[in-house]
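The next block is protein-v2.tsv, given as TSV, C-alpha atoms.
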chain	number	residue	atom	x	y	z
A	1	MET	CA	-13.78	20.66	-21.67
A	2	ALA	CA	-15.12	17.15	-21.06
A	3	ALA	CA	-17.31	15.45	-23.65
A	4	LYS	CA	-21.03	14.90	-23.08
A	5	SER	CA	-21.77	11.52	-21.49
A	6	THR	CA	-23.64	8.92	-23.50
A	7	LEU	CA	-23.69	5.20	-22.75
A	8	THR	CA	-21.62	4.39	-25.83
A	9	ASN	CA	-18.81	6.85	-25.24
A	10	MET	CA	-18.63	6.03	-21.53
A	11	VAL	CA	-18.21	2.31	-22.25
A	12	VAL	CA	-15.76	2.93	-25.10
A	13	VAL	CA	-13.54	5.35	-23.17
A	14	LEU	CA	-13.47	3.31	-19.95
A	15	THR	CA	-12.80	0.03	-21.77
A	16	GLY	CA	-10.18	1.66	-23.97
A	17	THR	CA	-8.36	3.20	-21.00
A	18	CYS	CA	-8.36	-0.10	-19.11
A	19	LEU	CA	-7.09	-2.03	-22.14
A	20	VAL	CA	-4.21	0.36	-22.78
A	21	CYS	CA	-3.28	0.42	-19.09
A	22	ALA	CA	-3.46	-3.37	-18.77
A	23	ALA	CA	-1.23	-3.82	-21.83
A	24	LEU	CA	1.28	-1.34	-20.43
A	25	LEU	CA	1.39	-3.07	-17.05
A	26	GLY	CA	1.64	-6.53	-18.62
A	27	GLY	CA	4.67	-5.35	-20.57
A	28	ALA	CA	6.25	-3.78	-17.51
A	29	TYR	CA	5.67	-6.96	-15.50
A	30	VAL	CA	7.43	-9.11	-18.08
A	31	ILE	CA	10.39	-6.71	-18.25
A	32	THR	CA	10.83	-6.37	-14.49
A	33	LYS	CA	10.10	-10.00	-13.57
A	34	ASP	CA	13.69	-11.23	-13.76
A	35	PRO	CA	15.32	-8.23	-12.03
A	36	ILE	CA	12.76	-8.52	-9.19
A	37	ALA	CA	13.48	-12.23	-8.75
A	38	LYS	CA	17.19	-11.45	-8.81
A	39	ALA	CA	16.83	-8.69	-6.20
A	40	GLU	CA	14.94	-11.08	-3.90
A	41	LYS	CA	17.59	-13.75	-4.37
A	42	ASP	CA	20.44	-11.31	-3.75
A	43	LYS	CA	18.84	-10.46	-0.43
A	44	THR	CA	18.70	-14.12	0.60
A	45	VAL	CA	22.26	-14.76	-0.54
A	46	LYS	CA	23.50	-11.72	1.38
A	47	ALA	CA	21.69	-12.88	4.52
A	48	LEU	CA	23.11	-16.39	4.09
A	49	SER	CA	26.68	-15.13	3.91
A	50	GLU	CA	26.04	-13.01	7.01
A	51	VAL	CA	24.62	-15.72	9.21
A	52	LEU	CA	26.73	-18.76	8.27
A	53	PRO	CA	30.37	-19.76	8.74
A	54	ALA	CA	32.44	-19.68	5.53
A	55	PHE	CA	30.93	-22.02	2.92
A	56	ASP	CA	31.33	-22.70	-0.79
A	57	THR	CA	28.00	-24.28	-1.73
A	58	VAL	CA	24.51	-23.81	-0.45
A	59	SER	CA	21.23	-25.46	-1.37
A	60	ASP	CA	19.66	-23.42	-4.16
A	61	GLU	CA	16.04	-23.96	-3.19
A	62	PRO	CA	14.96	-23.82	0.45
A	63	LEU	CA	14.10	-27.11	2.19
A	64	GLU	CA	11.33	-27.31	4.75
A	65	ALA	CA	11.33	-28.57	8.34
A	66	GLY	CA	9.26	-27.79	11.43
A	67	GLY	CA	7.26	-25.14	9.60
A	68	CYS	CA	10.37	-23.17	8.55
A	69	ASN	CA	12.34	-22.96	5.32
A	70	TYR	CA	16.02	-23.72	5.64
A	71	TYR	CA	19.20	-23.84	3.58
A	72	VAL	CA	22.10	-26.26	4.02
A	73	ALA	CA	25.59	-24.84	3.51
A	74	SER	CA	28.64	-26.97	2.98
A	75	LYS	CA	32.35	-26.51	2.43
A	76	ASP	CA	34.57	-29.09	0.67
A	77	GLY	CA	31.67	-31.56	0.76
A	78	ALA	CA	31.04	-31.35	4.51
A	79	VAL	CA	28.00	-29.62	5.98
A	80	VAL	CA	29.14	-26.52	7.90
A	81	GLY	CA	25.86	-24.91	8.81
A	82	TYR	CA	22.13	-24.51	8.49
A	83	ALA	CA	20.35	-21.21	7.81
A	84	ILE	CA	16.75	-21.25	8.98
A	85	GLU	CA	14.11	-18.67	8.04
A	86	SER	CA	11.49	-18.02	10.67
A	87	SER	CA	8.74	-15.40	10.92
A	88	THR	CA	6.32	-14.04	13.45
A	89	GLY	CA	4.25	-10.90	13.96
A	90	GLY	CA	6.45	-7.93	14.86
A	91	PHE	CA	5.36	-4.41	15.81
A	92	GLY	CA	4.45	-3.21	12.33
A	93	GLY	CA	3.76	-6.48	10.50
A	94	GLU	CA	5.53	-9.70	9.77
A	95	LEU	CA	9.12	-10.03	10.90
A	96	THR	CA	11.28	-12.64	9.18
A	97	VAL	CA	14.65	-13.54	10.65
A	98	MET	CA	17.33	-15.80	9.24
A	99	VAL	CA	19.16	-17.79	11.89
A	100	GLY	CA	22.46	-19.46	11.04
A	101	ILE	CA	23.57	-22.49	13.02
A	102	ASP	CA	27.09	-23.86	13.07
A	103	ALA	CA	26.73	-27.56	12.24
A	104	ALA	CA	29.89	-28.53	14.15
A	105	THR	CA	28.82	-27.17	17.55
A	106	GLY	CA	25.09	-26.57	17.22
A	107	ASN	CA	25.66	-22.98	18.38
A	108	ILE	CA	24.04	-19.96	16.76
A	109	TRP	CA	26.56	-18.47	14.33
A	110	ASN	CA	24.69	-15.24	13.60
A	111	THR	CA	21.21	-13.91	12.91
A	112	ALA	CA	19.86	-11.36	10.41
A	113	PRO	CA	16.42	-9.84	9.73
A	114	LEU	CA	15.29	-10.66	6.18
A	115	ARG	CA	12.04	-8.69	5.97
A	116	HIS	CA	10.44	-6.40	8.51
A	117	ASN	CA	8.09	-3.44	8.90
A	118	GLU	CA	9.39	-2.17	12.23
A	119	THR	CA	9.36	1.53	13.18
A	120	PRO	CA	12.34	3.39	11.72
A	121	GLY	CA	14.58	4.68	14.51
A	122	LEU	CA	13.17	2.16	16.98
A	123	GLY	CA	12.48	-1.45	16.05
A	124	ALA	CA	14.23	-1.05	12.71
A	125	LYS	CA	17.48	-0.86	14.69
A	126	CYS	CA	17.42	-4.68	14.53
A	127	GLU	CA	18.97	-4.10	11.08
A	128	ASP	CA	22.11	-2.61	12.62
A	129	ALA	CA	24.49	-5.58	12.44
A	130	GLY	CA	27.10	-4.07	14.76
A	131	ALA	CA	24.69	-3.25	17.60
A	132	ARG	CA	24.62	-5.16	20.88
A	133	PHE	CA	21.19	-6.62	20.11
A	134	ARG	CA	22.59	-8.39	17.07
A	135	THR	CA	26.03	-9.39	18.34
A	136	GLN	CA	24.67	-10.92	21.55
A	137	TRP	CA	23.31	-13.93	19.64
A	138	GLN	CA	26.64	-14.98	18.18
A	139	GLY	CA	28.01	-18.22	19.62
A	140	LEU	CA	25.13	-18.86	22.00
A	141	ASN	CA	24.34	-22.51	22.58
A	142	PRO	CA	20.59	-23.20	22.43
A	143	ALA	CA	20.85	-25.84	25.15
A	144	GLU	CA	22.50	-23.53	27.69
A	145	HIS	CA	20.29	-20.47	27.39
A	146	ALA	CA	16.66	-19.62	27.84
A	147	PHE	CA	15.99	-17.24	24.97
A	148	GLU	CA	13.80	-14.72	26.59
A	149	VAL	CA	14.02	-10.94	26.57
A	150	LYS	CA	15.31	-9.52	29.91
A	151	LYS	CA	16.79	-12.91	30.87
A	152	ASP	CA	19.54	-13.94	28.50
A	153	ILE	CA	18.62	-11.46	25.79
A	154	ASP	CA	18.91	-7.68	26.01
A	155	ALA	CA	16.13	-5.82	24.21
A	156	ILE	CA	16.57	-2.85	21.87
A	157	THR	CA	15.81	0.31	23.87
A	158	ALA	CA	12.14	1.32	23.54
A	159	SER	CA	11.44	-1.60	21.17
A	160	THR	CA	10.36	-4.41	23.47
A	161	ILE	CA	7.82	-5.82	21.01
A	162	THR	CA	10.33	-6.01	18.17
A	163	SER	CA	12.92	-7.58	20.47
A	164	LYS	CA	10.43	-10.17	21.70
A	165	ALA	CA	9.31	-10.98	18.16
A	166	TYR	CA	12.94	-11.34	17.05
A	167	THR	CA	13.61	-13.64	20.00
A	168	LYS	CA	10.52	-15.69	19.14
A	169	CYS	CA	11.79	-16.08	15.56
A	170	VAL	CA	15.11	-17.38	16.84
A	171	THR	CA	13.36	-19.81	19.21
A	172	GLN	CA	11.18	-21.11	16.35
A	173	ALA	CA	14.25	-21.52	14.16
A	174	LEU	CA	15.99	-23.50	16.89
A	175	ASP	CA	12.95	-25.78	17.21
A	176	ALA	CA	13.11	-26.31	13.45
A	177	TYR	CA	16.83	-27.08	13.77
A	178	LYS	CA	15.99	-29.80	16.31
A	179	ALA	CA	13.53	-31.25	13.78
A	180	ILE	CA	16.21	-31.15	11.05
A	181	THR	CA	18.87	-32.86	13.14
A	182	SER	CA	16.51	-35.51	14.48
A	183	VAL	CA	15.58	-36.46	10.91
A	184	ILE	CA	19.24	-36.74	9.98
A	185	SER	CA	20.31	-38.83	13.00
A	186	SER	CA	17.45	-41.26	12.48
A	187	GLU	CA	18.55	-41.96	8.93
A	188	ASP	CA	21.65	-43.98	8.14
A	189	ALA	CA	24.88	-42.37	7.05
A	190	SER	CA	24.62	-43.25	3.37
A	191	VAL	CA	21.32	-41.38	3.04
A	192	ILE	CA	22.86	-38.31	4.61
A	193	SER	CA	25.82	-38.27	2.25
A	194	SER	CA	23.55	-38.63	-0.78
A	195	GLU	CA	21.36	-35.79	0.54
A	196	VAL	CA	24.38	-33.59	0.98
A	197	GLU	CA	25.56	-34.37	-2.51
A	198	LYS	CA	22.14	-33.54	-3.85
A	199	SER	CA	22.10	-30.20	-2.09
A	200	MET	CA	25.51	-29.48	-3.52
A	201	GLU	CA	24.60	-30.40	-7.06
A	202	GLU	CA	21.68	-28.03	-7.29
A	203	PRO	CA	23.56	-24.73	-7.33
A	204	SER	CA	25.79	-26.03	-10.15
A	205	ASN	CA	22.80	-25.57	-12.46
A	206	GLU	CA	23.42	-21.86	-12.55
B	1	MET	CA	0.48	31.73	-18.20
B	2	ASN	CA	4.14	32.24	-17.48
B	3	LYS	CA	5.97	28.88	-17.39
B	4	LEU	CA	8.26	29.68	-14.49
B	5	ARG	CA	5.24	31.02	-12.63
B	6	ILE	CA	3.51	27.59	-12.82
B	7	ILE	CA	6.51	25.83	-11.28
B	8	LEU	CA	6.97	28.51	-8.59
B	9	ASP	CA	3.27	28.40	-7.72
B	10	GLY	CA	3.58	24.67	-7.12
B	11	ILE	CA	6.49	25.19	-4.75
B	12	VAL	CA	5.32	28.27	-2.85
B	13	LYS	CA	1.79	29.59	-3.39
B	14	ASN	CA	0.15	26.18	-3.87
B	15	ASN	CA	2.61	24.12	-1.83
B	16	PRO	CA	0.69	20.84	-1.42
B	17	THR	CA	1.82	20.19	2.14
B	18	PHE	CA	1.99	23.60	3.79
B	19	VAL	CA	-0.70	25.53	1.90
B	20	LEU	CA	-3.15	23.10	0.22
B	21	ILE	CA	-2.68	20.62	3.12
B	22	LEU	CA	-3.17	17.63	0.83
B	23	GLY	CA	-1.67	14.15	1.11
B	24	MET	CA	-1.20	14.28	4.86
B	25	CYS	CA	-1.09	10.49	5.30
B	26	PRO	CA	2.22	9.85	3.49
B	27	THR	CA	3.53	13.18	4.77
B	28	LEU	CA	3.17	12.16	8.40
B	29	ALA	CA	3.99	8.48	8.02
B	30	THR	CA	7.03	8.38	5.73
B	31	THR	CA	9.02	11.35	7.02
B	32	THR	CA	10.86	9.48	9.77
B	33	SER	CA	14.13	10.42	8.11
B	34	ALA	CA	15.25	12.92	5.47
B	35	MET	CA	16.10	10.12	3.06
B	36	ASN	CA	12.64	8.51	3.35
B	37	GLY	CA	10.95	11.88	2.88
B	38	LEU	CA	13.03	12.58	-0.21
B	39	SER	CA	12.31	9.14	-1.74
B	40	MET	CA	8.58	9.47	-1.09
B	41	GLY	CA	8.57	12.97	-2.61
B	42	LEU	CA	10.38	11.83	-5.74
B	43	ALA	CA	8.14	8.77	-6.11
B	44	THR	CA	5.04	10.99	-5.90
B	45	MET	CA	6.56	13.49	-8.34
B	46	PHE	CA	7.14	10.72	-10.90
B	47	VAL	CA	3.49	9.68	-10.78
B	48	LEU	CA	2.27	13.28	-10.63
B	49	ILE	CA	4.08	14.44	-13.78
B	50	LEU	CA	3.09	11.42	-15.88
B	51	ALA	CA	-0.51	11.33	-14.66
B	52	ASN	CA	-0.89	15.08	-15.23
B	53	MET	CA	0.40	14.79	-18.80
B	54	VAL	CA	-1.75	11.81	-19.76
B	55	ILE	CA	-4.87	13.25	-18.16
B	56	SER	CA	-4.43	16.60	-19.90
B	57	LEU	CA	-4.24	14.68	-23.20
B	58	ILE	CA	-7.28	12.47	-22.69
B	59	ALA	CA	-9.47	14.98	-20.82
B	60	PRO	CA	-11.29	16.31	-23.95
B	61	ILE	CA	-12.51	12.83	-24.97
B	62	VAL	CA	-13.38	11.50	-21.51
B	63	PRO	CA	-17.14	11.70	-20.81
B	64	ASP	CA	-17.96	13.70	-17.70
B	65	LYS	CA	-19.71	10.94	-15.80
B	66	VAL	CA	-16.81	8.49	-15.93
B	67	HIS	CA	-13.92	10.91	-15.59
B	68	ILE	CA	-13.03	9.90	-11.99
B	69	PRO	CA	-12.76	6.15	-12.78
B	70	VAL	CA	-10.70	6.89	-15.88
B	71	TYR	CA	-8.32	9.16	-13.93
B	72	ILE	CA	-7.96	6.59	-11.16
B	73	VAL	CA	-7.08	3.86	-13.69
B	74	VAL	CA	-4.44	6.11	-15.26
B	75	ILE	CA	-2.96	7.02	-11.86
B	76	ALA	CA	-3.03	3.41	-10.63
B	77	THR	CA	-1.22	2.29	-13.77
B	78	PHE	CA	1.66	4.68	-13.16
B	79	VAL	CA	1.84	3.75	-9.48
B	80	THR	CA	2.02	0.03	-10.27
B	81	LEU	CA	4.63	0.76	-12.91
B	82	LEU	CA	6.64	2.71	-10.33
B	83	GLN	CA	6.38	-0.09	-7.80
B	84	LEU	CA	7.57	-2.72	-10.28
B	85	LEU	CA	10.53	-0.52	-11.24
B	86	LEU	CA	11.46	0.19	-7.62
B	87	LYS	CA	11.24	-3.49	-6.69
B	88	ALA	CA	13.43	-4.43	-9.63
B	89	TYR	CA	16.13	-1.77	-9.51
B	90	VAL	CA	16.14	-0.11	-6.06
B	91	PRO	CA	14.69	-2.70	-3.65
B	92	SER	CA	15.99	-0.79	-0.61
B	93	VAL	CA	13.75	2.21	-1.40
B	94	ASN	CA	10.81	-0.13	-1.91
B	95	ASP	CA	11.49	-1.72	1.48
B	96	ALA	CA	11.75	1.64	3.24
B	97	LEU	CA	8.51	3.04	1.81
B	98	GLY	CA	6.60	-0.25	1.82
B	99	LEU	CA	2.86	0.19	1.74
B	100	PHE	CA	3.06	3.90	0.96
B	101	ILE	CA	4.00	3.29	-2.67
B	102	PRO	CA	0.68	1.59	-3.58
B	103	LEU	CA	-1.09	4.24	-1.49
B	104	ILE	CA	0.11	6.98	-3.87
B	105	VAL	CA	-2.93	5.92	-5.95
B	106	VAL	CA	-5.28	7.52	-3.46
B	107	ASN	CA	-2.98	10.44	-2.67
B	108	CYS	CA	-5.30	13.42	-3.04
B	109	ILE	CA	-2.53	15.62	-4.42
B	110	ILE	CA	-2.50	13.65	-7.66
B	111	LEU	CA	-6.26	13.43	-8.16
B	112	GLY	CA	-6.51	17.04	-6.94
B	113	ARG	CA	-4.09	18.30	-9.60
B	114	ALA	CA	-5.79	16.16	-12.28
B	115	GLU	CA	-9.17	17.67	-11.42
B	116	GLY	CA	-8.00	21.16	-10.56
B	117	PHE	CA	-5.37	21.76	-13.22
B	118	ALA	CA	-4.55	19.05	-15.78
B	119	ASN	CA	-8.03	18.68	-17.30
B	120	LYS	CA	-8.21	22.42	-18.04
B	121	HIS	CA	-4.69	22.93	-19.41
B	122	GLY	CA	-2.40	21.62	-22.16
B	123	VAL	CA	0.23	18.90	-21.88
B	124	GLY	CA	3.18	21.25	-21.43
B	125	GLU	CA	1.57	23.31	-18.71
B	126	SER	CA	0.32	20.18	-16.94
B	127	ALA	CA	3.81	18.69	-16.96
B	128	LEU	CA	5.20	21.93	-15.48
B	129	ASP	CA	2.47	21.91	-12.83
B	130	GLY	CA	3.44	18.30	-12.00
B	131	ILE	CA	7.09	19.34	-11.69
B	132	GLY	CA	6.24	22.35	-9.53
B	133	ILE	CA	3.86	20.56	-7.17
B	134	GLY	CA	6.24	17.58	-7.13
B	135	ILE	CA	9.17	19.75	-6.10
B	136	GLY	CA	7.00	21.47	-3.48
B	137	PHE	CA	5.93	18.13	-2.02
B	138	THR	CA	9.47	16.70	-2.14
B	139	LEU	CA	10.94	19.78	-0.45
B	140	ALA	CA	8.28	19.76	2.26
B	141	LEU	CA	8.78	16.05	2.96
B	142	THR	CA	12.56	16.32	2.96
B	143	VAL	CA	12.55	19.29	5.34
B	144	LEU	CA	10.04	17.59	7.65
B	145	GLY	CA	12.03	14.36	7.49
B	146	ALA	CA	15.28	16.21	8.20
B	147	VAL	CA	13.84	18.03	11.23
B	148	ARG	CA	12.45	14.79	12.65
B	149	GLU	CA	15.65	12.90	11.96
B	150	ILE	CA	17.84	15.57	13.60
B	151	LEU	CA	15.66	15.76	16.70
B	152	GLY	CA	14.74	12.10	16.93
B	153	SER	CA	17.74	10.14	15.71
B	154	GLY	CA	20.49	12.77	15.98
B	155	SER	CA	21.49	12.35	12.36
B	156	ILE	CA	20.85	13.79	8.92
B	157	PHE	CA	20.74	11.62	5.78
B	158	ASN	CA	21.94	8.79	8.06
B	159	ILE	CA	25.07	10.70	9.13
B	160	GLN	CA	25.14	10.59	12.92
B	161	PHE	CA	26.24	13.74	14.73
B	162	ILE	CA	24.38	13.79	18.06
B	163	GLY	CA	25.00	11.17	20.74
B	164	GLU	CA	22.36	8.62	21.71
B	165	GLN	CA	21.65	10.24	25.09
B	166	TYR	CA	20.47	13.52	23.49
B	167	GLN	CA	17.99	12.00	21.04
B	168	MET	CA	14.26	12.60	21.46
B	169	LEU	CA	12.64	9.41	20.24
B	170	ALA	CA	9.17	10.97	20.25
B	171	PHE	CA	10.06	12.91	17.09
B	172	VAL	CA	10.54	9.71	15.10
B	173	MET	CA	7.08	8.54	16.13
B	174	ALA	CA	3.63	9.87	15.26
B	175	PRO	CA	3.34	12.66	17.91
B	176	GLY	CA	6.62	14.19	16.72
B	177	ALA	CA	5.32	14.17	13.15
B	178	PHE	CA	2.32	16.29	14.11
B	179	ILE	CA	4.37	18.71	16.23
B	180	CYS	CA	7.01	19.23	13.53
B	181	LEU	CA	4.44	19.58	10.75
B	182	GLY	CA	2.50	22.16	12.80
B	183	TYR	CA	5.53	24.33	13.46
B	184	LEU	CA	6.81	24.06	9.89
B	185	MET	CA	3.37	25.07	8.61
B	186	VAL	CA	3.36	28.14	10.85
B	187	LEU	CA	6.85	29.17	9.72
B	188	PHE	CA	6.03	28.59	6.05
B	189	ASN	CA	2.81	30.60	6.12
B	190	LYS	CA	4.44	33.47	8.01
B	191	PHE	CA	7.16	33.59	5.36
B	192	ILE	CA	4.56	33.62	2.58
B	193	LYS	CA	2.56	36.46	4.13
B	194	LYS	CA	5.71	38.59	4.16
B	195	GLU	CA	6.14	37.87	0.45
B	196	LYS	CA	2.71	39.22	-0.43
Would you mind giving the structure from this file in structure tokens?
Amino acid sequence: MAAKSTLTNMVVVLTGTCLVCAALLGGAYVITKDPIAKAEKDKTVKALSEVLPAFDTVSDEPLEAGGCNYYVASKDGAVVGYAIESSTGGFGGELTVMVGIDAATGNIWNTAPLRHNETPGLGAKCEDAGARFRTQWQGLNPAEHAFEVKKDIDAITASTITSKAYTKCVTQALDAYKAITSVISSEDASVISSEVEKSMEEPSNE
Amino acid sequence: MNKLRIILDGIVKNNPTFVLILGMCPTLATTTSAMNGLSMGLATMFVLILANMVISLIAPIVPDKVHIPVYIVVIATFVTLLQLLLKAYVPSVNDALGLFIPLIVVNCIILGRAEGFANKHGVGESALDGIGIGIGFTLALTVLGAVREILGSGSIFNIQFIGEQYQMLAFVMAPGAFICLGYLMVLFNKFIKKEK
């Protein structure tokens, strides 16, 4: 069976094994790097199309405001909506929600969970796009509602913590939206149009 | 040793979940639905077969005192490889299993088979043992996942057939996992005793 242990053969075998394994993993990392990046991007793009009104261009890289990343979507050169990523601690780990805001009205267009570790069968129901918990957000105006579970928001049955975390994400995103809009209104119109153009040019790189 | 016998032993006589009672952590945690159980089983089988084969090959040259570190490095390599592949090509499975993929490294089934079988047998037999134990683990996890999904979520493989008001949520959570596993273990062992 196993060889007798001497210092030399222990060092040689252990080093050899580690070298071969490291080389193998390095190769695998290089091969899978692009598909992994693409899979991550696909997820974001899918979430963007879910939470925003119809758009033709969207900022390629996320912008940052109020501690949240956000994307600006425009159609025919006019900004139609903002998609804001916001995270907080859920029941089983970090919960990240993307909140889409209709630029014309300032209402929530739709929301979608990007990443979560909620309990399957309970909190993970926040993934179910057709369920009441998800549809209730659509068209709500942040100014008219207090976003709090049991007040304006119905929780997912037996998943109060997930529902509260989700609500907190939306509230954070709305705060970030206020920060975004206040920056824009304080700048003059020419700056805005150049910013919009810039955000439209970026995706054309692809 | 008869080849078919090795595979059958892995599924029945040495079933990792119901008889050897190894790898309980992923068994209890990932079997919230039949699909999750099946994915976890297949992921473990992938690592098990490859690790068994490589370890059976290198066992004669590995010095006794460092054999555990060497085996762990080999197993960890395959697990990381698996995780990269899942992330790249089936991100939904990676999301569903989450932390339990990296935890396959310390799954005692794999180290147990390396120590208990692969380092005493040839490549072919070790591969067959990996397939057998892998199938046994996958079947056990799928059955456990299916039972919990039927009772807890009223569905099987995500196909809903029982209304929301008749679902027993407890079975999706930890207590249900223990109850289901206990009863399945009893049934499995009773069935095996009859065989003997």
### Task
Restrict the distance test to only C-alpha atoms, flag each residue of chain A within 9 Å of chain B, and return the flagged residues as number ranges by chain.
A: 1-6, 9-11, 13-14, 17-18, 21-22, 24-25, 28-29, 32-40, 115-117, 119-122, 158
Next, dump the selected residues to file, keeping only C-alpha atoms, as a CSV table (one decimal), in the frame of the given file.
chain,number,residue,atom,x,y,z
A,1,MET,CA,-13.8,20.7,-21.7
A,2,ALA,CA,-15.1,17.2,-21.1
A,3,ALA,CA,-17.3,15.4,-23.6
A,4,LYS,CA,-21.0,14.9,-23.1
A,5,SER,CA,-21.8,11.5,-21.5
A,6,THR,CA,-23.6,8.9,-23.5
A,9,ASN,CA,-18.8,6.8,-25.2
A,10,MET,CA,-18.6,6.0,-21.5
A,11,VAL,CA,-18.2,2.3,-22.2
A,13,VAL,CA,-13.5,5.4,-23.2
A,14,LEU,CA,-13.5,3.3,-20.0
A,17,THR,CA,-8.4,3.2,-21.0
A,18,CYS,CA,-8.4,-0.1,-19.1
A,21,CYS,CA,-3.3,0.4,-19.1
A,22,ALA,CA,-3.5,-3.4,-18.8
A,24,LEU,CA,1.3,-1.3,-20.4
A,25,LEU,CA,1.4,-3.1,-17.0
A,28,ALA,CA,6.2,-3.8,-17.5
A,29,TYR,CA,5.7,-7.0,-15.5
A,32,THR,CA,10.8,-6.4,-14.5
A,33,LYS,CA,10.1,-10.0,-13.6
A,34,ASP,CA,13.7,-11.2,-13.8
A,35,PRO,CA,15.3,-8.2,-12.0
A,36,ILE,CA,12.8,-8.5,-9.2
A,37,ALA,CA,13.5,-12.2,-8.8
A,38,LYS,CA,17.2,-11.4,-8.8
A,39,ALA,CA,16.8,-8.7,-6.2
A,40,GLU,CA,14.9,-11.1,-3.9
A,115,ARG,CA,12.0,-8.7,6.0
A,116,HIS,CA,10.4,-6.4,8.5
A,117,ASN,CA,8.1,-3.4,8.9
A,119,THR,CA,9.4,1.5,13.2
A,120,PRO,CA,12.3,3.4,11.7
A,121,GLY,CA,14.6,4.7,14.5
A,122,LEU,CA,13.2,2.2,17.0
A,158,ALA,CA,12.1,1.3,23.5
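Among the candidates B:Gln83, B:Thr142, B:Gln160, B:Asn2, the one nearest to Gly37 in chain B when counting all atoms listed in the file is B:Thr142.
Closest approach to Tyr177 in chain A among A:Ala47, A:Leu7, A:Ala155, A:Ile84 is made by A:Ile84 (distances from all atoms listed in the file).
Residues in contact range of Cys180 in chain B, defined as at most 9 Å between only C-alpha atoms, with sequence neighbours fewer than 6 positions away removed, read Leu144, Val147, Arg148 and Phe171 of chain B.
Nearest residue to Leu63 in chain A among A:Ile156, A:Ala83, A:Ile161, A:Ala146 is A:Ala83, counting only C-alpha atoms.
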